[in-house]
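Pasting coords.pdb here (PDB, C-alpha atoms):
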```pdb
ATOM      1  CA  MET M  12       0.000   0.000   0.000  1.00  0.00           C
ATOM      2  CA  ALA M  13       3.029   2.234  -0.281  1.00  0.00           C
ATOM      3  CA  GLY M  14       2.369   5.427  -2.151  1.00  0.00           C
ATOM      4  CA  ARG M  15      -1.393   5.541  -1.348  1.00  0.00           C
ATOM      5  CA  LEU M  16      -2.797   8.125   0.974  1.00  0.00           C
ATOM      6  CA  LEU M  17      -5.853   6.979   2.865  1.00  0.00           C
ATOM      7  CA  ALA M  18      -7.964   9.331   4.876  1.00  0.00           C
ATOM      8  CA  PRO M  19      -8.156   7.842   8.370  1.00  0.00           C
ATOM      9  CA  HIS M  20     -11.746   8.937   8.937  1.00  0.00           C
ATOM     10  CA  ALA M  21     -13.247   9.432   5.484  1.00  0.00           C
ATOM     11  CA  ARG M  22     -16.961  10.204   5.671  1.00  0.00           C
ATOM     12  CA  SER M  23     -19.522  10.420   2.947  1.00  0.00           C
ATOM     13  CA  VAL M  24     -21.631  13.538   3.050  1.00  0.00           C
ATOM     14  CA  THR M  25     -25.364  12.800   3.173  1.00  0.00           C
ATOM     15  CA  PRO M  26     -27.612  15.635   2.012  1.00  0.00           C
ATOM     16  CA  SER M  27     -29.942  16.835   4.736  1.00  0.00           C
ATOM     17  CA  LEU M  28     -33.697  16.340   4.820  1.00  0.00           C
ATOM     18  CA  ARG M  29     -36.013  19.113   3.781  1.00  0.00           C
ATOM     19  CA  ILE M  30     -39.781  19.142   4.354  1.00  0.00           C
ATOM     20  CA  SER M  31     -41.912  21.529   2.308  1.00  0.00           C
ATOM     21  CA  ARG M  32     -45.533  22.051   1.397  1.00  0.00           C
ATOM     22  CA  ALA M  33     -46.348  20.541  -1.955  1.00  0.00           C
ATOM     23  CA  THR M  34     -47.093  22.852  -4.858  1.00  0.00           C
ATOM     24  CA  PRO M  35     -48.809  22.132  -8.179  1.00  0.00           C
ATOM     25  CA  ARG M  36     -45.342  21.353  -9.584  1.00  0.00           C
ATOM     26  CA  ASP M  37     -45.244  18.333  -7.216  1.00  0.00           C
ATOM     27  CA  VAL M  38     -48.332  16.607  -8.664  1.00  0.00           C
ATOM     28  CA  ALA M  39     -46.386  13.910 -10.550  1.00  0.00           C
ATOM     29  CA  THR M  40     -44.205  13.264  -7.481  1.00  0.00           C
ATOM     30  CA  ILE M  41     -47.268  12.871  -5.259  1.00  0.00           C
ATOM     31  CA  VAL M  42     -48.880  10.418  -7.689  1.00  0.00           C
ATOM     32  CA  ARG M  43     -45.632   8.416  -7.953  1.00  0.00           C
ATOM     33  CA  LEU M  44     -45.317   8.201  -4.157  1.00  0.00           C
ATOM     34  CA  ILE M  45     -48.988   7.216  -3.740  1.00  0.00           C
ATOM     35  CA  ARG M  46     -48.481   4.400  -6.253  1.00  0.00           C
ATOM     36  CA  ALA M  47     -45.363   3.270  -4.383  1.00  0.00           C
ATOM     37  CA  LEU M  48     -47.364   3.286  -1.142  1.00  0.00           C
ATOM     38  CA  GLY M  49     -50.060   1.173  -2.804  1.00  0.00           C
ATOM     39  CA  ALA M  50     -47.441  -1.363  -3.868  1.00  0.00           C
ATOM     40  CA  TYR M  51     -45.916  -1.457  -0.364  1.00  0.00           C
ATOM     41  CA  GLU M  52     -49.339  -1.987   1.220  1.00  0.00           C
ATOM     42  CA  ARG M  53     -50.157  -4.721  -1.331  1.00  0.00           C
ATOM     43  CA  LEU M  54     -53.067  -2.603  -2.560  1.00  0.00           C
ATOM     44  CA  SER M  55     -51.893  -1.564  -6.043  1.00  0.00           C
ATOM     45  CA  HIS M  56     -55.117  -2.998  -7.470  1.00  0.00           C
ATOM     46  CA  GLU M  57     -57.036  -0.294  -5.541  1.00  0.00           C
ATOM     47  CA  VAL M  58     -54.889   2.685  -6.605  1.00  0.00           C
ATOM     48  CA  ARG M  59     -56.758   4.689  -9.240  1.00  0.00           C
ATOM     49  CA  ILE M  60     -55.247   8.129  -8.575  1.00  0.00           C
ATOM     50  CA  ARG M  61     -54.365  10.300 -11.559  1.00  0.00           C
ATOM     51  CA  PRO M  62     -52.569  13.648 -11.726  1.00  0.00           C
ATOM     52  CA  ALA M  63     -55.873  15.389 -12.529  1.00  0.00           C
ATOM     53  CA  HIS M  64     -57.300  14.190  -9.187  1.00  0.00           C
ATOM     54  CA  ILE M  65     -54.364  15.631  -7.258  1.00  0.00           C
ATOM     55  CA  ARG M  66     -54.507  18.940  -9.154  1.00  0.00           C
ATOM     56  CA  ARG M  67     -58.250  19.339  -8.650  1.00  0.00           C
ATOM     57  CA  HIS M  68     -58.568  18.143  -5.052  1.00  0.00           C
ATOM     58  CA  GLY M  69     -55.239  19.316  -3.645  1.00  0.00           C
ATOM     59  CA  PHE M  70     -54.663  22.561  -5.511  1.00  0.00           C
ATOM     60  CA  GLY M  71     -58.043  23.514  -6.976  1.00  0.00           C
ATOM     61  CA  ARG M  72     -60.699  25.942  -5.814  1.00  0.00           C
ATOM     62  CA  GLN M  73     -61.949  23.627  -3.066  1.00  0.00           C
ATOM     63  CA  ARG M  74     -59.022  21.838  -1.482  1.00  0.00           C
ATOM     64  CA  TYR M  75     -59.707  18.539   0.231  1.00  0.00           C
ATOM     65  CA  PHE M  76     -56.175  17.793   1.384  1.00  0.00           C
ATOM     66  CA  GLU M  77     -52.709  19.208   1.877  1.00  0.00           C
ATOM     67  CA  THR M  78     -49.402  17.459   1.249  1.00  0.00           C
ATOM     68  CA  LEU M  79     -45.887  17.671   2.621  1.00  0.00           C
ATOM     69  CA  ILE M  80     -42.964  16.390   0.557  1.00  0.00           C
ATOM     70  CA  CYS M  81     -39.756  15.185   2.176  1.00  0.00           C
ATOM     71  CA  ARG M  82     -36.594  15.524   0.102  1.00  0.00           C
ATOM     72  CA  ARG M  83     -33.035  14.451   0.694  1.00  0.00           C
ATOM     73  CA  GLY M  84     -31.132  17.010  -1.286  1.00  0.00           C
ATOM     74  CA  ARG M  85     -33.318  17.461  -4.358  1.00  0.00           C
ATOM     75  CA  THR M  86     -34.678  13.911  -4.399  1.00  0.00           C
ATOM     76  CA  PRO M  87     -38.246  13.335  -3.135  1.00  0.00           C
ATOM     77  CA  ILE M  88     -38.111  10.437  -0.684  1.00  0.00           C
ATOM     78  CA  GLY M  89     -41.445  10.616   1.116  1.00  0.00           C
ATOM     79  CA  PHE M  90     -44.719  12.420   1.619  1.00  0.00           C
ATOM     80  CA  ALA M  91     -47.551  13.000   4.047  1.00  0.00           C
ATOM     81  CA  LEU M  92     -51.069  13.706   2.797  1.00  0.00           C
ATOM     82  CA  TYR M  93     -53.478  15.067   5.419  1.00  0.00           C
ATOM     83  CA  PHE M  94     -56.698  16.963   6.018  1.00  0.00           C
ATOM     84  CA  PHE M  95     -58.709  18.242   8.955  1.00  0.00           C
ATOM     85  CA  THR M  96     -61.760  16.813  10.667  1.00  0.00           C
ATOM     86  CA  TYR M  97     -63.474  17.859  13.873  1.00  0.00           C
ATOM     87  CA  SER M  98     -63.647  16.136  17.246  1.00  0.00           C
ATOM     88  CA  THR M  99     -67.015  16.799  18.829  1.00  0.00           C
ATOM     89  CA  PHE M 100     -65.787  15.310  22.115  1.00  0.00           C
ATOM     90  CA  LEU M 101     -62.736  17.587  22.301  1.00  0.00           C
ATOM     91  CA  GLY M 102     -64.415  20.553  20.651  1.00  0.00           C
ATOM     92  CA  GLN M 103     -61.289  20.990  18.528  1.00  0.00           C
ATOM     93  CA  PRO M 104     -60.095  20.171  15.025  1.00  0.00           C
ATOM     94  CA  THR M 105     -58.185  16.959  14.322  1.00  0.00           C
ATOM     95  CA  LEU M 106     -55.355  16.603  11.834  1.00  0.00           C
ATOM     96  CA  TYR M 107     -56.051  13.342  10.029  1.00  0.00           C
ATOM     97  CA  LEU M 108     -53.043  11.784   8.320  1.00  0.00           C
ATOM     98  CA  GLU M 109     -54.350   9.872   5.311  1.00  0.00           C
ATOM     99  CA  ASP M 110     -50.985   8.696   3.996  1.00  0.00           C
ATOM    100  CA  LEU M 111     -47.396   8.707   5.213  1.00  0.00           C
ATOM    101  CA  PHE M 112     -44.804   7.025   3.022  1.00  0.00           C
ATOM    102  CA  VAL M 113     -41.029   6.939   2.825  1.00  0.00           C
ATOM    103  CA  VAL M 114     -39.280   5.050   0.035  1.00  0.00           C
ATOM    104  CA  PRO M 115     -37.796   1.765   1.328  1.00  0.00           C
ATOM    105  CA  GLU M 116     -34.135   2.718   0.877  1.00  0.00           C
ATOM    106  CA  GLU M 117     -34.641   5.783   3.112  1.00  0.00           C
ATOM    107  CA  ARG M 118     -36.467   4.134   6.007  1.00  0.00           C
ATOM    108  CA  GLY M 119     -34.767   4.439   9.377  1.00  0.00           C
ATOM    109  CA  ARG M 120     -32.903   7.599   8.354  1.00  0.00           C
ATOM    110  CA  GLY M 121     -35.238  10.183   9.917  1.00  0.00           C
ATOM    111  CA  ALA M 122     -37.651  11.054   7.103  1.00  0.00           C
ATOM    112  CA  GLY M 123     -40.753   9.525   8.722  1.00  0.00           C
ATOM    113  CA  LYS M 124     -40.081  11.202  12.046  1.00  0.00           C
ATOM    114  CA  ALA M 125     -39.371  14.523  10.312  1.00  0.00           C
ATOM    115  CA  LEU M 126     -42.696  14.321   8.444  1.00  0.00           C
ATOM    116  CA  LEU M 127     -44.611  13.477  11.628  1.00  0.00           C
ATOM    117  CA  ALA M 128     -42.879  16.302  13.527  1.00  0.00           C
ATOM    118  CA  ALA M 129     -43.827  18.756  10.762  1.00  0.00           C
ATOM    119  CA  LEU M 130     -47.432  17.525  10.952  1.00  0.00           C
ATOM    120  CA  ALA M 131     -47.428  17.912  14.740  1.00  0.00           C
ATOM    121  CA  ARG M 132     -46.282  21.537  14.346  1.00  0.00           C
ATOM    122  CA  ILE M 133     -49.084  22.179  11.826  1.00  0.00           C
ATOM    123  CA  ALA M 134     -51.615  20.561  14.194  1.00  0.00           C
ATOM    124  CA  ALA M 135     -50.399  22.713  17.095  1.00  0.00           C
ATOM    125  CA  ARG M 136     -50.495  25.919  15.003  1.00  0.00           C
ATOM    126  CA  ARG M 137     -54.055  25.150  13.877  1.00  0.00           C
ATOM    127  CA  GLY M 138     -55.306  24.400  17.391  1.00  0.00           C
ATOM    128  CA  CYS M 139     -55.849  20.672  16.851  1.00  0.00           C
ATOM    129  CA  GLY M 140     -56.593  18.526  19.871  1.00  0.00           C
ATOM    130  CA  ARG M 141     -55.121  15.429  18.226  1.00  0.00           C
ATOM    131  CA  MET M 142     -53.610  13.773  15.190  1.00  0.00           C
ATOM    132  CA  GLU M 143     -55.051  10.503  13.947  1.00  0.00           C
ATOM    133  CA  TRP M 144     -54.218   7.938  11.282  1.00  0.00           C
ATOM    134  CA  ALA M 145     -54.680   4.270  10.495  1.00  0.00           C
ATOM    135  CA  VAL M 146     -52.028   1.594  10.057  1.00  0.00           C
ATOM    136  CA  LEU M 147     -52.423  -1.877   8.574  1.00  0.00           C
ATOM    137  CA  ASP M 148     -52.357  -4.534  11.294  1.00  0.00           C
ATOM    138  CA  TRP M 149     -49.524  -6.468   9.589  1.00  0.00           C
ATOM    139  CA  ASN M 150     -47.243  -3.427   9.308  1.00  0.00           C
ATOM    140  CA  THR M 151     -45.260  -4.131  12.477  1.00  0.00           C
ATOM    141  CA  PRO M 152     -42.281  -1.858  11.621  1.00  0.00           C
ATOM    142  CA  SER M 153     -44.631   1.125  11.364  1.00  0.00           C
ATOM    143  CA  ILE M 154     -46.599   0.097  14.455  1.00  0.00           C
ATOM    144  CA  ARG M 155     -43.382  -0.116  16.501  1.00  0.00           C
ATOM    145  CA  PHE M 156     -42.245   3.258  15.131  1.00  0.00           C
ATOM    146  CA  TYR M 157     -45.557   4.943  16.034  1.00  0.00           C
ATOM    147  CA  GLU M 158     -45.634   3.403  19.503  1.00  0.00           C
ATOM    148  CA  LYS M 159     -42.058   4.558  20.131  1.00  0.00           C
ATOM    149  CA  LEU M 160     -43.248   8.106  19.402  1.00  0.00           C
ATOM    150  CA  GLY M 161     -46.000   7.713  22.006  1.00  0.00           C
ATOM    151  CA  ALA M 162     -48.936   6.999  19.682  1.00  0.00           C
ATOM    152  CA  ARG M 163     -51.643   4.712  21.058  1.00  0.00           C
ATOM    153  CA  LEU M 164     -53.195   2.092  18.826  1.00  0.00           C
ATOM    154  CA  ARG M 165     -56.974   2.085  19.221  1.00  0.00           C
ATOM    155  CA  ARG M 166     -58.085  -1.495  18.698  1.00  0.00           C
ATOM    156  CA  ASP M 167     -61.504  -0.713  20.136  1.00  0.00           C
ATOM    157  CA  TRP M 168     -62.538   1.223  17.014  1.00  0.00           C
ATOM    158  CA  ILE M 169     -63.258  -0.537  13.729  1.00  0.00           C
ATOM    159  CA  LEU M 170     -62.629   1.357  10.510  1.00  0.00           C
ATOM    160  CA  THR M 171     -65.872   1.377   8.537  1.00  0.00           C
ATOM    161  CA  ARG M 172     -66.035   2.136   4.818  1.00  0.00           C
ATOM    162  CA  LEU M 173     -68.646   2.435   2.072  1.00  0.00           C
ATOM    163  CA  THR M 174     -67.406   2.517  -1.545  1.00  0.00           C
ATOM    164  CA  GLY M 175     -68.651   1.729  -5.026  1.00  0.00           C
ATOM    165  CA  ALA M 176     -72.107   0.206  -5.445  1.00  0.00           C
ATOM    166  CA  PRO M 177     -73.022   0.164  -1.707  1.00  0.00           C
ATOM    167  CA  LEU M 178     -72.227   3.899  -1.471  1.00  0.00           C
ATOM    168  CA  ARG M 179     -74.270   4.658  -4.594  1.00  0.00           C
ATOM    169  CA  ARG M 180     -77.204   2.565  -3.306  1.00  0.00           C
ATOM    170  CA  LEU M 181     -77.252   4.420   0.002  1.00  0.00           C
ATOM    171  CA  ALA M 182     -77.054   7.782  -1.788  1.00  0.00           C
ATOM    172  CA  ARG M 183     -80.239   7.062  -3.783  1.00  0.00           C
TER     173      ARG M 183
END
```
Encoded form using structure tokens:
Amino acid sequence: MAGRLLAPHARSVTPSLRISRATPRDVATIVRLIRALGAYERLSHEVRIRPAHIRRHGFGRQRYFETLICRRGRTPIGFALYFFTYSTFLGQPTLYLEDLFVVPEERGRGAGKALLAALARIAARRGCGRMEWAVLDWNTPSIRFYEKLGARLRRDWILTRLTGAPLRRLAR
């Protein structure tokens, strides 16, 4: 090894995380991350989202949701899509987290926690009494992560959903 200089403590520089509110320019990124989430959750067959949906419902005249994008350097690595509901028991708004996703190669590097911390700051600024979200019962890495943050899993509530034909029948 004569003639070679080796740095005794060479370190690679990892670009820092940046969380920002999504803009209309992020529509394609949001759709791509939602599709990746669908694949991770083994629900790709249910993912029907198109860019037009995101543009209309997230950035149109009546906005149904807001989105945060997490980037490492310039690369989008995760997102959080959320909206607000109201807790009649608390008498305060609730920030409801519909989707939180970090690409697999970035998990465990702080992106999920950074997104949740940003959401908690938004909830506090908007006077929310709580944040809520659902997690699939088989997703033990996420469950452990949420519990470590102090989240309580509510197994006494059952998620109830009407879609498709049953929803249309009830609407008639």
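Across M:Arg53, M:Arg120, M:Arg141, M:His68, the tightest approach to Ile88 in chain M is made by M:Arg120 when counting all atoms listed in the file.
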task = Work out how far apart CA of Phe112 in chain M and CA of Ala91 in chain M are and give it in Å to one decimal.
result =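 One can read the CA of Phe112 in chain M to CA of Ala91 in chain M distance as 6.7 Å.
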inquiry  = With distances taken over all atoms listed in the file, which residue among M:Arg118, M:Arg85, M:Arg72, M:Arg29 lies nearest Phe156 in chain M?
reply    = M:Arg118
If you take every atom of range 141-148 of chain M that the file lists and fit an axis-aligned box around them with 4 Å extra on each side, what centre and edge lengths come out in Å to one decimal, as lines of an AutoDock Vina configuration file?
```
center_x = -53.6
center_y = 5.4
center_z = 13.4
size_x = 11.1
size_y = 28.0
size_z = 17.7
```
key: Nearest to Leu28 in chain M, chosen from M:Leu170, M:Ile41, M:Cys81, M:Leu106, with all atoms listed in the file counted in the distances   =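 Closest candidate: M:Cys81.
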Considering only C-alpha atoms, give me a table of residues in range 39-96 of chain M that are at most 9 Å from range 122-131 of chain M, with the closest atom pair and distance in Å for each, as CSV.
```
residue,atom,partner,partner_atom,distance
M:Leu79,CA,M:Leu126,CA,7.4
M:Ile80,CA,M:Leu126,CA,8.2
M:Cys81,CA,M:Ala122,CA,6.8
M:Arg82,CA,M:Ala122,CA,8.4
M:Arg83,CA,M:Ala122,CA,8.6
M:Ile88,CA,M:Ala122,CA,7.8
M:Gly89,CA,M:Ala122,CA,7.1
M:Phe90,CA,M:Leu126,CA,7.4
M:Ala91,CA,M:Leu126,CA,6.7
M:Tyr93,CA,M:Leu130,CA,8.6
```
Keeping only C-alpha atoms, write those residues as an mmCIF file, in the coordinates of the input.
```
data_model
loop_
_atom_site.group_PDB
_atom_site.id
_atom_site.type_symbol
_atom_site.label_atom_id
_atom_site.label_comp_id
_atom_site.auth_asym_id
_atom_site.auth_seq_id
_atom_site.Cartn_x
_atom_site.Cartn_y
_atom_site.Cartn_z
ATOM 1 C CA LEU M 79 -45.887 17.671 2.621
ATOM 2 C CA ILE M 80 -42.964 16.390 0.557
ATOM 3 C CA CYS M 81 -39.756 15.185 2.176
ATOM 4 C CA ARG M 82 -36.594 15.524 0.102
ATOM 5 C CA ARG M 83 -33.035 14.451 0.694
ATOM 6 C CA ILE M 88 -38.111 10.437 -0.684
ATOM 7 C CA GLY M 89 -41.445 10.616 1.116
ATOM 8 C CA PHE M 90 -44.719 12.420 1.619
ATOM 9 C CA ALA M 91 -47.551 13.000 4.047
ATOM 10 C CA TYR M 93 -53.478 15.067 5.419
#
```
List the neighbours of Arg43 in chain M out to 10 Å using only C-alpha atoms; skip same-chain residues closer than 6 positions along the sequence, and give me the result as a tab-separated table (two decimals) with C-alpha atoms, in the frame of the given file.
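selection.tsv written:
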```
chain	number	residue	atom	x	y	z
M	37	ASP	CA	-45.24	18.33	-7.22
M	49	GLY	CA	-50.06	1.17	-2.80
M	60	ILE	CA	-55.25	8.13	-8.57
M	61	ARG	CA	-54.36	10.30	-11.56
M	62	PRO	CA	-52.57	13.65	-11.73
```
ask   = For Thr78 in chain M, which residue out of M:Ala63, M:Pro115, M:Ile30, M:Val58 is the nearest one, using only C-alpha atoms?
value = M:Ile30
inquiry  = Once the PyMOL selection byres ((chain M and resi 103) around 10) has been evaluated on this model, what residues remain selected, and can you format them as a ChimeraX atom specification?
reply    = /M:96-102,104-106,137-141
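Here CA of Ile154 in chain M and CA of Arg172 in chain M stand 21.8 Å from one another.
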Surrounding residues of Leu164 in chain M excluding itself and chain neighbours under 4 positions, 10 Å, all atoms listed in the file, as a PDB file with C-alpha atoms, in the frame of the given file:
```pdb
ATOM      1  CA  GLU M 143     -55.051  10.503  13.947  1.00  0.00           C
ATOM      2  CA  TRP M 144     -54.218   7.938  11.282  1.00  0.00           C
ATOM      3  CA  ALA M 145     -54.680   4.270  10.495  1.00  0.00           C
ATOM      4  CA  VAL M 146     -52.028   1.594  10.057  1.00  0.00           C
ATOM      5  CA  ILE M 154     -46.599   0.097  14.455  1.00  0.00           C
ATOM      6  CA  TYR M 157     -45.557   4.943  16.034  1.00  0.00           C
ATOM      7  CA  GLU M 158     -45.634   3.403  19.503  1.00  0.00           C
ATOM      8  CA  TRP M 168     -62.538   1.223  17.014  1.00  0.00           C
TER       9      TRP M 168
END
```
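The smallest atom-to-atom distance between Thr40 in chain M and any of M:Thr171, M:Arg59, M:Leu178, M:Ile65, using all atoms listed in the file, is found for M:Ile65.
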key: Given only C-alpha atoms as the counted atoms, nearest of M:Arg155, M:Glu77, M:Asp148, M:Ala182 to Ile169 in chain M   =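 So, comparing all the options, the nearest one is M:Asp148.
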ask   = Please, what distance in Å, to one decimal, runs between CA of Val38 in chain M and CA of Arg66 in chain M?
value =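 Computing the Euclidean distance for CA of Val38 in chain M and CA of Arg66 in chain M yields 6.6 Å.
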